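Heads up, target-v3.csv below (CSV, C-alpha atoms and all ligand atoms):
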```
chain,number,residue,atom,x,y,z
N,1311,MET,CA,119.9,108.1,51.8
N,1312,HIS,CA,120.8,111.6,52.9
N,1313,GLU,CA,119.1,114.9,52.9
N,1314,ILE,CA,120.4,117.7,50.7
N,1315,THR,CA,120.0,121.0,52.5
N,1316,LEU,CA,121.0,124.0,50.4
N,1317,PRO,CA,121.1,127.7,51.4
N,1318,LYS,CA,117.8,129.6,51.0
N,1319,ARG,CA,119.5,132.7,49.4
N,1320,PHE,CA,122.8,133.7,47.9
N,1321,VAL,CA,123.7,137.3,47.4
N,1322,VAL,CA,126.8,137.7,45.2
N,1323,GLY,CA,127.8,141.2,44.0
N,1324,GLY,CA,129.5,144.5,44.6
N,1325,ASN,CA,128.8,146.5,47.7
N,1326,VAL,CA,126.2,144.1,49.1
N,1327,LEU,CA,127.7,144.2,52.6
N,1328,GLU,CA,126.0,147.5,53.4
N,1329,LYS,CA,122.6,145.9,52.8
N,1330,VAL,CA,123.3,142.8,54.8
N,1331,SER,CA,120.6,143.4,57.4
N,1332,GLU,CA,117.9,143.4,54.6
N,1333,TYR,CA,119.2,140.0,53.4
N,1334,VAL,CA,119.4,138.5,56.9
N,1335,LEU,CA,115.9,139.6,57.7
N,1336,SER,CA,114.6,138.2,54.4
N,1337,VAL,CA,115.6,134.6,55.5
N,1338,VAL,CA,115.4,134.6,59.3
N,1339,GLN,CA,113.2,136.4,61.8
N,1340,CYS,CA,115.6,137.7,64.3
N,1341,SER,CA,116.0,140.4,66.9
N,1342,LYS,CA,119.4,139.3,68.2
N,1343,ALA,CA,122.4,138.2,66.2
N,1344,LEU,CA,125.8,137.0,67.2
N,1345,ILE,CA,128.6,137.9,64.8
N,1346,VAL,CA,131.8,135.7,64.8
N,1347,THR,CA,134.8,137.2,63.2
N,1348,GLY,CA,138.6,137.4,63.3
N,1349,SER,CA,140.8,140.1,64.6
N,1350,SER,CA,142.3,141.9,61.6
N,1351,GLU,CA,140.6,143.5,58.6
N,1352,THR,CA,137.8,140.9,59.0
N,1353,ALA,CA,136.8,142.6,62.3
N,1354,ARG,CA,136.3,145.9,60.3
N,1355,TYR,CA,133.9,144.2,58.0
N,1356,ALA,CA,132.1,142.6,61.0
N,1357,SER,CA,131.6,146.1,62.3
N,1358,ILE,CA,129.9,147.1,59.0
N,1359,VAL,CA,127.6,144.1,59.5
N,1360,TYR,CA,127.0,145.2,63.1
N,1361,ASP,CA,126.1,148.7,62.2
N,1362,GLY,CA,123.7,147.5,59.4
N,1363,LEU,CA,121.9,145.2,61.9
N,1364,ARG,CA,121.7,148.0,64.5
N,1365,ASP,CA,120.1,150.3,62.0
N,1366,THR,CA,117.3,147.8,61.5
N,1367,HIS,CA,116.9,147.2,65.3
N,1368,VAL,CA,118.6,143.9,65.5
N,1369,ASP,CA,120.7,143.8,68.7
N,1370,SER,CA,124.1,142.3,67.9
N,1371,TRP,CA,127.2,141.1,69.6
N,1372,ILE,CA,130.7,140.5,68.1
N,1373,VAL,CA,133.0,137.7,69.2
N,1374,SER,CA,136.5,137.6,67.7
N,1375,VAL,CA,138.1,134.2,67.4
N,1376,LYS,CA,141.8,133.4,67.0
N,1377,SER,CA,141.6,129.8,65.7
N,1378,SER,CA,139.1,127.2,64.6
N,1379,THR,CA,139.3,125.0,67.6
N,1380,ILE,CA,136.6,123.4,69.8
N,1381,GLY,CA,137.6,125.8,72.6
N,1382,GLU,CA,136.6,128.8,70.5
N,1383,VAL,CA,133.4,127.0,69.4
N,1384,ASN,CA,132.5,126.4,73.1
N,1385,ARG,CA,133.2,130.1,73.9
N,1386,VAL,CA,130.9,131.2,71.0
N,1387,VAL,CA,128.1,128.8,72.0
N,1388,GLU,CA,128.2,130.2,75.5
N,1389,VAL,CA,127.7,133.7,74.2
N,1390,VAL,CA,124.9,132.5,71.9
N,1391,ASN,CA,123.1,131.0,74.9
N,1392,GLU,CA,123.8,133.9,77.2
N,1393,VAL,CA,122.5,136.6,74.8
N,1394,GLU,CA,119.8,134.3,73.4
N,1395,ALA,CA,120.9,135.0,69.8
N,1396,ASP,CA,118.5,134.0,67.0
N,1397,VAL,CA,121.2,133.7,64.4
N,1398,VAL,CA,124.9,133.2,64.1
N,1399,ILE,CA,126.8,135.2,61.4
N,1400,GLY,CA,130.3,134.3,60.4
N,1401,VAL,CA,132.3,137.3,58.9
N,1402,GLY,CA,135.8,136.4,57.8
N,1403,GLY,CA,138.1,133.8,56.3
N,1404,GLY,CA,137.7,130.0,56.6
N,1405,LYS,CA,138.5,130.1,60.3
N,1406,ALA,CA,135.8,132.5,61.4
N,1407,ILE,CA,133.2,130.9,59.0
N,1408,ASP,CA,134.0,127.4,60.4
N,1409,VAL,CA,133.7,128.5,64.0
N,1410,ALA,CA,130.4,130.3,63.3
N,1411,LYS,CA,129.1,127.4,61.3
N,1412,TYR,CA,129.9,124.7,63.9
N,1413,SER,CA,128.7,126.9,66.8
N,1414,SER,CA,125.4,127.5,65.1
N,1415,TYR,CA,125.1,123.7,64.5
N,1416,ILE,CA,125.8,123.0,68.2
N,1417,ALA,CA,123.4,125.8,69.4
N,1418,ALA,CA,120.8,124.8,66.8
N,1419,LYS,CA,120.6,128.3,65.4
N,1420,PRO,CA,120.5,129.4,61.7
N,1421,PHE,CA,123.9,130.3,60.2
N,1422,VAL,CA,124.7,133.1,57.8
N,1423,SER,CA,128.0,133.0,55.9
N,1424,ILE,CA,129.7,136.3,55.0
N,1425,PRO,CA,133.1,135.5,53.6
N,1426,THR,CA,135.7,138.3,53.4
N,1427,ALA,CA,138.2,136.3,51.3
N,1428,PRO,CA,137.8,133.8,48.4
N,1429,SER,CA,140.4,131.5,50.0
N,1430,HIS,CA,138.4,128.3,50.7
N,1431,ASP,CA,135.3,126.4,49.6
N,1432,GLY,CA,133.7,126.2,53.1
N,1433,ILE,CA,131.7,129.4,52.2
N,1434,ALA,CA,128.5,127.5,51.4
N,1435,SER,CA,129.4,123.9,52.4
N,1436,PRO,CA,127.6,122.1,55.3
N,1437,PHE,CA,131.0,121.0,56.8
N,1438,ALA,CA,133.4,122.7,59.2
N,1439,SER,CA,137.1,122.1,59.9
N,1440,ILE,CA,137.3,122.4,63.7
N,1441,LYS,CA,140.8,121.5,64.5
N,1442,ASP,CA,140.4,119.1,67.5
N,1443,VAL,CA,137.0,117.6,66.8
N,1444,ASN,CA,138.0,115.2,64.0
N,1445,ARG,CA,141.8,115.7,64.2
N,1446,VAL,CA,142.4,117.9,61.1
N,1447,THR,CA,139.5,116.9,58.8
N,1448,SER,CA,136.1,118.5,58.6
N,1449,VAL,CA,132.9,117.5,60.4
N,1450,LYS,CA,129.2,117.8,59.6
N,1451,ALA,CA,127.8,121.2,60.5
N,1452,SER,CA,125.0,123.6,59.4
N,1453,THR,CA,124.3,124.6,55.8
N,1454,PRO,CA,124.2,128.4,55.8
N,1455,VAL,CA,120.7,129.7,55.3
N,1456,LEU,CA,122.2,132.7,53.6
N,1457,VAL,CA,125.5,133.5,51.8
N,1458,VAL,CA,126.4,137.1,51.3
N,1459,ALA,CA,129.5,137.4,49.1
N,1460,ASP,CA,130.6,141.0,48.5
N,1461,VAL,CA,133.0,140.7,45.6
N,1462,ASN,CA,134.4,144.1,46.2
N,1463,VAL,CA,135.3,143.1,49.7
N,1464,MET,CA,136.8,139.8,48.6
N,1465,ALA,CA,138.8,141.4,45.7
N,1466,LYS,CA,140.5,143.6,48.3
N,1467,ALA,CA,141.7,140.5,50.3
N,1468,PRO,CA,145.4,139.9,50.1
N,1469,ARG,CA,146.5,138.3,46.8
N,1470,ARG,CA,147.8,135.4,48.8
N,1471,ASN,CA,144.3,134.6,50.1
N,1472,ILE,CA,142.8,134.9,46.6
N,1473,VAL,CA,145.3,132.6,45.0
N,1474,ALA,CA,144.8,130.1,47.9
N,1475,GLY,CA,141.2,129.8,46.8
N,1476,CYS,CA,142.5,128.8,43.4
N,1477,GLY,CA,144.7,126.2,45.0
N,1478,ASP,CA,141.7,124.8,47.0
N,1479,LEU,CA,139.8,124.4,43.8
N,1480,ILE,CA,142.6,123.0,41.7
N,1481,GLY,CA,142.5,120.2,44.3
N,1482,LYS,CA,139.2,119.0,42.9
N,1483,PHE,CA,140.9,117.4,39.8
N,1484,SER,CA,142.7,114.8,42.0
N,1485,ALA,CA,139.8,114.7,44.6
N,1486,VAL,CA,137.4,113.5,41.8
N,1487,LEU,CA,140.0,111.0,40.4
N,1488,ASP,CA,140.4,109.6,43.9
N,1489,TRP,CA,136.7,109.3,44.3
N,1490,ARG,CA,136.4,107.4,41.0
N,1491,LEU,CA,139.2,105.1,42.0
N,1492,ALA,CA,137.5,104.3,45.4
N,1493,HIS,CA,134.3,103.6,43.4
N,1494,LYS,CA,136.1,101.2,41.1
N,1495,LEU,CA,138.3,99.5,43.7
N,1496,ARG,CA,136.0,99.6,46.8
N,1497,GLY,CA,132.5,100.0,45.4
N,1498,GLU,CA,132.2,103.3,47.2
N,1499,TYR,CA,129.2,105.4,46.3
N,1500,TYR,CA,130.2,107.8,43.5
N,1501,GLY,CA,127.9,110.8,42.7
N,1502,ASP,CA,128.5,111.7,39.1
N,1503,TYR,CA,126.6,115.0,39.4
N,1504,ALA,CA,128.4,116.2,42.5
N,1505,ALA,CA,131.7,115.1,40.9
N,1506,SER,CA,131.0,117.0,37.7
N,1507,LEU,CA,130.0,120.2,39.7
N,1508,SER,CA,133.2,120.0,41.7
N,1509,LEU,CA,135.3,119.5,38.5
N,1510,LEU,CA,133.6,122.5,36.9
N,1511,SER,CA,134.9,124.7,39.7
N,1512,ALA,CA,138.5,123.6,39.0
N,1513,LYS,CA,138.1,123.9,35.3
N,1514,HIS,CA,137.1,127.5,35.7
N,1515,ILE,CA,140.3,128.3,37.6
N,1516,VAL,CA,142.2,126.9,34.6
N,1517,LYS,CA,140.1,128.8,32.2
N,1518,TYR,CA,140.7,132.1,34.0
N,1519,SER,CA,144.3,131.3,35.0
N,1520,LYS,CA,145.8,134.2,33.0
N,1521,MET,CA,143.6,136.7,34.8
N,1522,PHE,CA,144.7,135.2,38.2
N,1523,SER,CA,148.3,135.7,37.0
N,1524,ALA,CA,147.8,139.4,36.3
N,1525,ARG,CA,149.5,141.9,38.6
N,1526,GLN,CA,146.1,143.2,39.6
N,1527,ILE,CA,143.6,140.3,39.5
N,1528,PRO,CA,140.5,141.6,37.7
N,1529,LEU,CA,137.1,141.8,39.5
N,1530,GLU,CA,135.6,139.5,36.9
N,1531,ALA,CA,138.1,136.7,37.9
N,1532,VAL,CA,137.4,137.2,41.6
N,1533,ARG,CA,133.7,136.8,40.9
N,1534,VAL,CA,134.3,133.6,39.0
N,1535,LEU,CA,136.4,132.3,41.8
N,1536,VAL,CA,133.7,133.2,44.4
N,1537,GLU,CA,131.0,131.5,42.4
N,1538,ALA,CA,133.2,128.4,41.9
N,1539,LEU,CA,134.0,128.2,45.7
N,1540,ILE,CA,130.2,128.4,46.4
N,1541,SER,CA,129.5,125.7,43.8
N,1542,SER,CA,132.1,123.4,45.2
N,1543,GLY,CA,130.4,123.8,48.6
N,1544,ILE,CA,127.1,122.9,46.9
N,1545,ALA,CA,128.8,119.8,45.4
N,1546,MET,CA,129.7,118.7,49.0
N,1547,ALA,CA,126.1,119.3,50.1
N,1548,ILE,CA,124.8,117.2,47.2
N,1549,ALA,CA,127.3,114.4,47.9
N,1550,GLY,CA,126.6,114.5,51.6
N,1551,SER,CA,130.3,114.5,52.3
N,1552,THR,CA,133.5,116.4,51.4
N,1553,ARG,CA,134.4,113.5,49.0
N,1554,PRO,CA,134.0,115.6,45.7
N,1555,ALA,CA,136.3,118.3,47.2
N,1556,SER,CA,138.9,116.4,49.2
N,1557,GLY,CA,141.1,113.5,48.1
N,1558,SER,CA,144.8,112.7,48.4
N,1559,GLU,CA,145.8,116.3,47.8
N,1560,HIS,CA,143.9,117.3,50.9
N,1561,LEU,CA,145.3,114.4,52.9
N,1562,ILE,CA,148.8,115.7,52.0
N,1563,ALA,CA,147.8,119.2,53.1
N,1564,HIS,CA,146.3,117.9,56.3
N,1565,ALA,CA,149.5,115.9,57.0
N,1566,ILE,CA,151.5,119.1,56.5
N,1567,ASP,CA,149.4,120.8,59.1
N,1568,VAL,CA,149.9,117.9,61.5
N,1569,VAL,CA,153.7,117.8,61.0
N,1570,ALA,CA,154.4,121.5,60.7
N,1571,ASN,CA,151.5,122.9,62.8
N,1572,PHE,CA,149.5,124.8,60.2
N,1573,PRO,CA,152.5,126.5,58.4
N,1574,ALA,CA,150.6,128.2,55.5
N,1575,LEU,CA,147.1,128.9,54.2
N,1576,HIS,CA,144.9,125.8,53.5
N,1577,GLY,CA,144.6,126.5,49.8
N,1578,GLU,CA,148.4,127.0,49.4
N,1579,GLU,CA,149.0,123.6,50.9
N,1580,VAL,CA,146.3,122.0,48.8
N,1581,GLY,CA,148.0,123.5,45.7
N,1582,ILE,CA,151.2,121.7,46.5
N,1583,GLY,CA,149.3,118.5,47.4
N,1584,SER,CA,147.6,118.7,44.0
N,1585,ILE,CA,150.9,118.7,42.1
N,1586,ILE,CA,151.9,115.5,43.9
N,1587,ALA,CA,148.4,113.9,43.6
N,1588,LEU,CA,148.2,114.6,39.9
N,1589,TYR,CA,151.7,113.2,39.4
N,1590,LEU,CA,150.6,110.0,41.1
N,1591,HIS,CA,147.5,109.8,38.9
N,1592,GLY,CA,149.7,110.2,35.8
N,1593,LYS,CA,148.2,113.5,34.9
N,1594,ASN,CA,149.8,116.7,33.6
N,1595,TRP,CA,151.2,117.9,36.9
N,1596,ARG,CA,153.7,120.2,35.2
N,1597,ARG,CA,150.9,122.3,33.6
N,1598,ILE,CA,149.2,122.7,37.0
N,1599,LYS,CA,152.5,123.5,38.7
N,1600,LYS,CA,153.3,126.2,36.2
N,1601,MET,CA,149.8,127.7,36.4
N,1602,LEU,CA,150.0,127.9,40.2
N,1603,SER,CA,153.5,129.4,40.0
N,1604,ASP,CA,152.4,132.0,37.4
N,1605,MET,CA,149.6,133.0,39.8
N,1606,GLY,CA,152.1,133.5,42.6
N,1607,ALA,CA,151.0,130.5,44.5
N,1608,PRO,CA,153.6,128.4,46.4
N,1609,THR,CA,155.0,125.5,44.4
N,1610,LYS,CA,158.0,124.9,46.6
N,1611,ILE,CA,157.9,123.6,50.2
N,1612,SER,CA,160.1,126.5,51.5
N,1613,GLN,CA,157.3,128.8,50.3
N,1614,ILE,CA,154.9,127.1,52.8
N,1615,ASN,CA,157.5,127.1,55.6
N,1616,VAL,CA,158.0,123.4,55.4
N,1617,SER,CA,161.5,121.7,55.6
N,1618,ARG,CA,162.4,118.7,53.5
N,1619,GLU,CA,162.4,116.5,56.6
N,1620,GLN,CA,158.9,117.7,57.5
N,1621,MET,CA,157.7,117.1,53.9
N,1622,VAL,CA,159.0,113.5,53.9
N,1623,LYS,CA,157.3,112.9,57.2
N,1624,ALA,CA,154.0,114.5,56.0
N,1625,LEU,CA,154.0,112.3,52.8
N,1626,THR,CA,154.6,109.1,54.8
N,1627,ILE,CA,151.7,109.8,57.2
N,1628,ALA,CA,149.2,111.3,54.7
N,1629,HIS,CA,147.4,108.0,54.1
N,1630,THR,CA,146.7,107.6,57.9
N,1631,ILE,CA,144.9,111.0,58.2
N,1632,ARG,CA,141.5,109.6,57.1
N,1633,PRO,CA,141.9,105.8,56.6
N,1634,GLU,CA,138.3,105.3,55.7
N,1635,ARG,CA,138.6,107.5,52.5
N,1636,TYR,CA,140.4,105.5,49.9
N,1637,THR,CA,142.7,107.5,47.6
N,1638,ILE,CA,145.7,107.0,45.2
N,1639,LEU,CA,147.9,106.9,48.3
N,1640,GLY,CA,146.5,103.4,49.0
N,1641,GLU,CA,146.7,101.7,52.4
N,1642,LYS,CA,150.4,101.9,52.9
N,1643,GLY,CA,151.1,105.4,51.5
N,1644,PHE,CA,154.6,106.7,50.7
N,1645,SER,CA,157.8,105.0,52.0
N,1646,GLU,CA,160.4,107.4,53.1
N,1647,GLU,CA,162.5,106.6,50.1
N,1648,ALA,CA,159.6,107.2,47.7
N,1649,ALA,CA,158.8,110.5,49.5
N,1650,GLU,CA,162.4,111.7,49.0
N,1651,LYS,CA,162.3,110.7,45.3
N,1652,ILE,CA,159.0,112.5,44.6
N,1653,ILE,CA,160.3,115.7,46.3
N,1654,ASP,CA,163.2,115.7,43.9
N,1655,ALA,CA,161.3,114.6,40.8
N,1656,LEU,CA,158.7,117.3,41.2
N,1657,GLU,CA,161.3,119.9,42.2
N,1658,LEU,CA,159.5,120.8,45.4
N,1659,VAL,CA,162.6,122.1,47.1
V,1701,LIG,N1,134.3,124.0,56.0
V,1701,LIG,C1,134.9,123.6,54.9
V,1701,LIG,O1,134.3,122.9,54.0
V,1701,LIG,C2,136.3,124.1,54.5
V,1701,LIG,C3,137.0,124.6,55.5
V,1701,LIG,N2,138.3,125.1,55.3
V,1701,LIG,C4,139.0,125.7,56.4
V,1701,LIG,O2,139.1,127.0,56.2
V,1701,LIG,C5,140.4,127.5,56.7
V,1701,LIG,C6,141.1,128.2,55.7
V,1701,LIG,O3,140.6,129.5,55.4
V,1701,LIG,P1,141.5,130.7,55.1
V,1701,LIG,O4,140.6,131.8,54.8
V,1701,LIG,O5,142.6,130.3,54.2
V,1701,LIG,O6,142.2,131.0,56.6
V,1701,LIG,P2,141.9,132.0,57.7
V,1701,LIG,O7,140.5,132.1,58.0
V,1701,LIG,O8,142.8,131.6,58.8
V,1701,LIG,O9,142.4,133.4,57.1
V,1701,LIG,C7,143.7,133.7,56.8
V,1701,LIG,C8,144.1,135.1,57.2
V,1701,LIG,O10,143.5,136.0,56.3
V,1701,LIG,C9,142.8,137.0,57.0
V,1701,LIG,N3,141.8,137.6,56.2
V,1701,LIG,C10,140.6,137.1,55.8
V,1701,LIG,N4,139.9,138.0,55.0
V,1701,LIG,C11,140.7,139.1,54.9
V,1701,LIG,C12,140.5,140.3,54.2
V,1701,LIG,N5,139.5,140.6,53.5
V,1701,LIG,N6,141.6,141.2,54.3
V,1701,LIG,C13,142.7,141.0,55.0
V,1701,LIG,N7,142.8,139.8,55.7
V,1701,LIG,C14,141.9,138.9,55.6
V,1701,LIG,C15,142.4,136.4,58.3
V,1701,LIG,O11,142.2,137.4,59.2
V,1701,LIG,P3,141.7,137.1,60.7
V,1701,LIG,O12,142.9,136.8,61.5
V,1701,LIG,O13,141.1,138.4,61.1
V,1701,LIG,O14,140.7,136.0,60.7
V,1701,LIG,C16,143.6,135.5,58.6
V,1701,LIG,O15,144.6,136.2,59.3
V,1701,LIG,C17,141.1,126.3,57.2
V,1701,LIG,O16,141.0,126.1,58.6
V,1701,LIG,C18,140.5,125.2,56.5
V,1701,LIG,O17,140.6,123.9,57.1
V,1701,LIG,C19,138.8,125.0,54.0
V,1701,LIG,C20,138.1,124.5,53.0
V,1701,LIG,C21,136.8,123.9,53.2
V,1702,LIG,O1,138.9,121.5,52.7
V,1702,LIG,C1,138.0,120.9,52.4
V,1702,LIG,C2,137.4,120.9,51.0
V,1702,LIG,O2,138.0,121.9,50.2
V,1702,LIG,C3,137.4,120.0,53.4
V,1702,LIG,O3,138.1,118.8,53.3
V,1702,LIG,P1,138.2,117.8,54.5
V,1702,LIG,O4,137.0,117.1,54.7
V,1702,LIG,O5,139.4,116.9,54.0
V,1702,LIG,O6,138.6,118.6,55.7
V,1703,ZN,ZN,140.0,122.4,51.0
```
So, in terms of structure tokens, how does the structure I just supplied come out?
Ligand SMILES: NC(=O)C1=CN([C@@H]2O[C@H](COP(=O)(O)OP(=O)(O)OC[C@H]3O[C@@H](n4cnc5c(N)ncnc54)[C@H](OP(=O)(O)O)[C@@H]3O)[C@@H](O)[C@H]2O)C=CC1
Ligand SMILES: O=C(CO)COP(=O)(O)O
Ligand SMILES: [Zn+2]
Amino acid sequence: MHEITLPKRFVVGGNVLEKVSEYVLSVVQCSKALIVTGSSETARYASIVYDGLRDTHVDSWIVSVKSSTIGEVNRVVEVVNEVEADVVIGVGGGKAIDVAKYSSYIAAKPFVSIPTAPSHDGIASPFASIKDVNRVTSVKASTPVLVVADVNVMAKAPRRNIVAGCGDLIGKFSAVLDWRLAHKLRGEYYGDYAASLSLLSAKHIVKYSKMFSARQIPLEAVRVLVEALISSGIAMAIAGSTRPASGSEHLIAHAIDVVANFPALHGEEVGIGSIIALYLHGKNWRRIKKMLSDMGAPTKISQINVSREQMVKALTIAHTIRPERYTILGEKGFSEEAAEKIIDALELV
């Protein structure tokens, strides 16, 4: 048994950031808010949120975080307690959202998710990837009470971040295959509804792939991507774990982070992990590789700043990242020889 807690309100649309205070006040009674953001363009969006809250007499503070580590979470929790904030608002990419989400969970305050880029599916999920809490995998955190996704803001994010969101979602094809495999081989609980919802998000990326390959990605495609990222987060909430969203492709991405110290965006690494995972599952990996390549997503390890030696190492340790989650990598994973062979067979160099 697990409880499914979903956000109370989703606001998805153009220019919704300016009205954020109205949305926040519609779901939480608050007079003090702590905004967690990054340090680049994200901080500019955070100041728009700050101004909106000030105009409706909500005192606000902004904390900029550099990484999604427990050190940053502790720093944010200290400020939450010091200023007695009633709500924690994350404004930024996956890093800022995750730090805000986990801090709100520790401080037992409501969490509001305001993504500035469609680069990951943690936007609405109740899990956070905090780098040194559970090694490199996610942990249970708060479900946002409110998600405000301004598609105009997100469409202005760097193309690289947008395409990374496509990569994170393409990963659901192998994640669900792995889940089914674990169900058949290990009797693990398999939630057909959560799995179908997760797959739906990946299928929409394929359906709209031509639009994502256009020089200027149309707003319509960004909106579909944002909705798909939200719905993948909901699939995780329904399943009560990240199982529908994270399988062997994520283990490979996490292993790359361990070996090469976070060399690229999460969704970019998942895209490459998906090519390998789909090959192992006997699926049409060539089609997915071409699709990612056409979008401008990395399909070679040099494009994610990973050397051949590092990739071999990552492949040989991927199965150890989360031993309790059975995947196509099995219990022994890749041998060095097999890793070398797959890198050549899939032309990853
Ligand atoms: N909780 C969950 O369920 C999930 C969590 N994740 C986690 O999310 C993280 C990945 O998120 P991702 O967004 O790729 O990485 P980051 O949050 O690190 O963002 C990457 C970069 O993009 C910048 N950025 C964000 N929005 C904009 C914008 N609108 N314009 C210009 N620059 C922008 C960020 O700026 P700045 O430096 O200012 O922050 C940062 O420099 C990983 O840590 C991953 O583990 C991924 C999937 C699911
Ligand atoms: O990135 C995620 C889903 O896209 C979360 O996955 P993990 O639970 O493997 O960290
Ligand atoms: Zn992911």
Exercise for review: Excluding Glu1647 of chain N and residues on its chain fewer than 2 positions from it, collect all residues at most 12 Å away from it, counting only C-alpha atoms, and give them as a list in words.
Suggested key: Glu1619, Val1622, Lys1623, Leu1625, Thr1626, Gly1643, Phe1644, Ser1645, Ala1649, Glu1650, Lys1651, Ile1652, Ile1653 and Asp1654 of chain N
Expected file: the selected residues, C-alpha atoms, as a CSV table (one decimal), in the coordinates of the input:
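Saved result, result.csv, follows:
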```csv
chain,number,residue,atom,x,y,z
N,1619,GLU,CA,162.4,116.5,56.6
N,1622,VAL,CA,159.0,113.5,53.9
N,1623,LYS,CA,157.3,112.9,57.2
N,1625,LEU,CA,154.0,112.3,52.8
N,1626,THR,CA,154.6,109.1,54.8
N,1643,GLY,CA,151.1,105.4,51.5
N,1644,PHE,CA,154.6,106.7,50.7
N,1645,SER,CA,157.8,105.0,52.0
N,1649,ALA,CA,158.8,110.5,49.5
N,1650,GLU,CA,162.4,111.7,49.0
N,1651,LYS,CA,162.3,110.7,45.3
N,1652,ILE,CA,159.0,112.5,44.6
N,1653,ILE,CA,160.3,115.7,46.3
N,1654,ASP,CA,163.2,115.7,43.9
```
Check your understanding: By how many Å are atom CA of Tyr1503 of chain N and atom CA of Lys1450 of chain N apart?
Key -> 20.6 Å
Check your understanding: Could you list, as a PyMOL selection string, all the residues within 6 Å of ligand LIG 1702 (chain V), counting all atoms listed in the file?
Key -> chain N and resi 1431+1439+1447-1448+1478+1552+1555-1556+1560
Find the spatial neighbours of segment 1406-1409 of chain N, counting all atoms listed in the file, within a cut-off of 6 Å - ignore same-chain residues fewer than 2 positions away - and output them as a PDB file with C-alpha atoms, in the coordinates of the input.
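What follows is the written file result_28.pdb:
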```pdb
ATOM      1  CA  THR N1347     134.800 137.200  63.200  1.00  0.00           C
ATOM      2  CA  GLY N1348     138.600 137.400  63.300  1.00  0.00           C
ATOM      3  CA  SER N1378     139.100 127.200  64.600  1.00  0.00           C
ATOM      4  CA  VAL N1383     133.400 127.000  69.400  1.00  0.00           C
ATOM      5  CA  GLY N1400     130.300 134.300  60.400  1.00  0.00           C
ATOM      6  CA  GLY N1402     135.800 136.400  57.800  1.00  0.00           C
ATOM      7  CA  GLY N1403     138.100 133.800  56.300  1.00  0.00           C
ATOM      8  CA  GLY N1404     137.700 130.000  56.600  1.00  0.00           C
ATOM      9  CA  LYS N1411     129.100 127.400  61.300  1.00  0.00           C
ATOM     10  CA  TYR N1412     129.900 124.700  63.900  1.00  0.00           C
ATOM     11  CA  SER N1413     128.700 126.900  66.800  1.00  0.00           C
ATOM     12  CA  ALA N1438     133.400 122.700  59.200  1.00  0.00           C
TER      13      ALA N1438
END
```
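Our summary of the geometry notes that atom CA of Lys1342 of chain N is positioned 12.9 Å from atom CA of Phe1421 of chain N.
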Practice item. May I have the protein, DNA and RNA residues with an atom at most 12 Å from (142.7, 134.6, 47.8), counting only C-alpha atoms in the file's coordinates, returned as a ChimeraX atom specification? Key: /N:1403-1404,1425-1431,1461,1463-1479,1522,1527,1531-1533,1535-1536,1539,1575-1578,1605-1607
Check your understanding: Between N:Met1546, N:Val1393, N:Ile1416, N:Met1521, which one has atoms that come closest to ligand LIG 1701 (chain V), using only C-alpha atoms and all ligand atoms?
Key ->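 That would be N:Met1546, the residue with the smallest distance to ligand LIG 1701 (chain V).
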Point to revise | Given all atoms listed in the file as the counted atoms, nearest of N:Val1346, N:Val1322, N:Leu1656, N:Ile1480 to ligand ZN 1703 (chain V) | key: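 The answer is N:Ile1480, which sits nearest to ligand ZN 1703 (chain V).
The residue that comes closest to ligand ZN 1703 (chain V), out of N:Val1321, N:Ala1570, N:Leu1561, N:Ala1549 and on the basis of all atoms listed in the file, is N:Leu1561.
The coordinates place atom CA of Ser1511 of chain N at 26.0 Å from atom CA of Gly1640 of chain N.
Nearest residue to Ala1504 of chain N among N:Val1334, N:Ala1565, N:Ile1314, N:Leu1602 is N:Ile1314, counting all atoms listed in the file.
Of the residues under consideration (N:Ile1598, N:Met1621, N:Val1616, N:Ile1433), N:Ile1433 shows the shortest atom-to-atom contact distance to ligand ZN 1703 (chain V) when counting only C-alpha atoms and all ligand atoms.
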**Study point:** 8 Å contact set for Arg1319 of chain N, only C-alpha atoms, chain neighbours under 6 positions out, as number ranges by chain
**Key:** N: 1337, 1455-1457
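Minimum atom-to-atom distance to ligand ZN 1703 (chain V), evaluated using all atoms listed in the file, belongs to N:His1564 out of N:His1564, N:Arg1364, N:Lys1419, N:Lys1494.
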**Study point:** Close residues, Glu1498 of chain N itself excluded, 12 Å, only C-alpha atoms, min 2 positions apart in chain, as a list in words
**Key:**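 Answer for this query is Asp1488, Trp1489, Arg1490, Leu1491, Ala1492, His1493, Lys1494, Leu1495, Arg1496, Tyr1500, Gly1501, Arg1553, Glu1634, Arg1635, Tyr1636 and Thr1637 of chain N.
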Practice item. Excluding segment 1356-1360 of chain N and residues on its chain fewer than 5 positions from it, collect all residues at most 12 Å away from it, counting all atoms listed in the file, and give them as a VMD selection string. Key: chain N and resid 1325 to 1334 1342 to 1351 1365 to 1374 1399 to 1403 1406 to 1407 1422 to 1426 1458 1460 1463
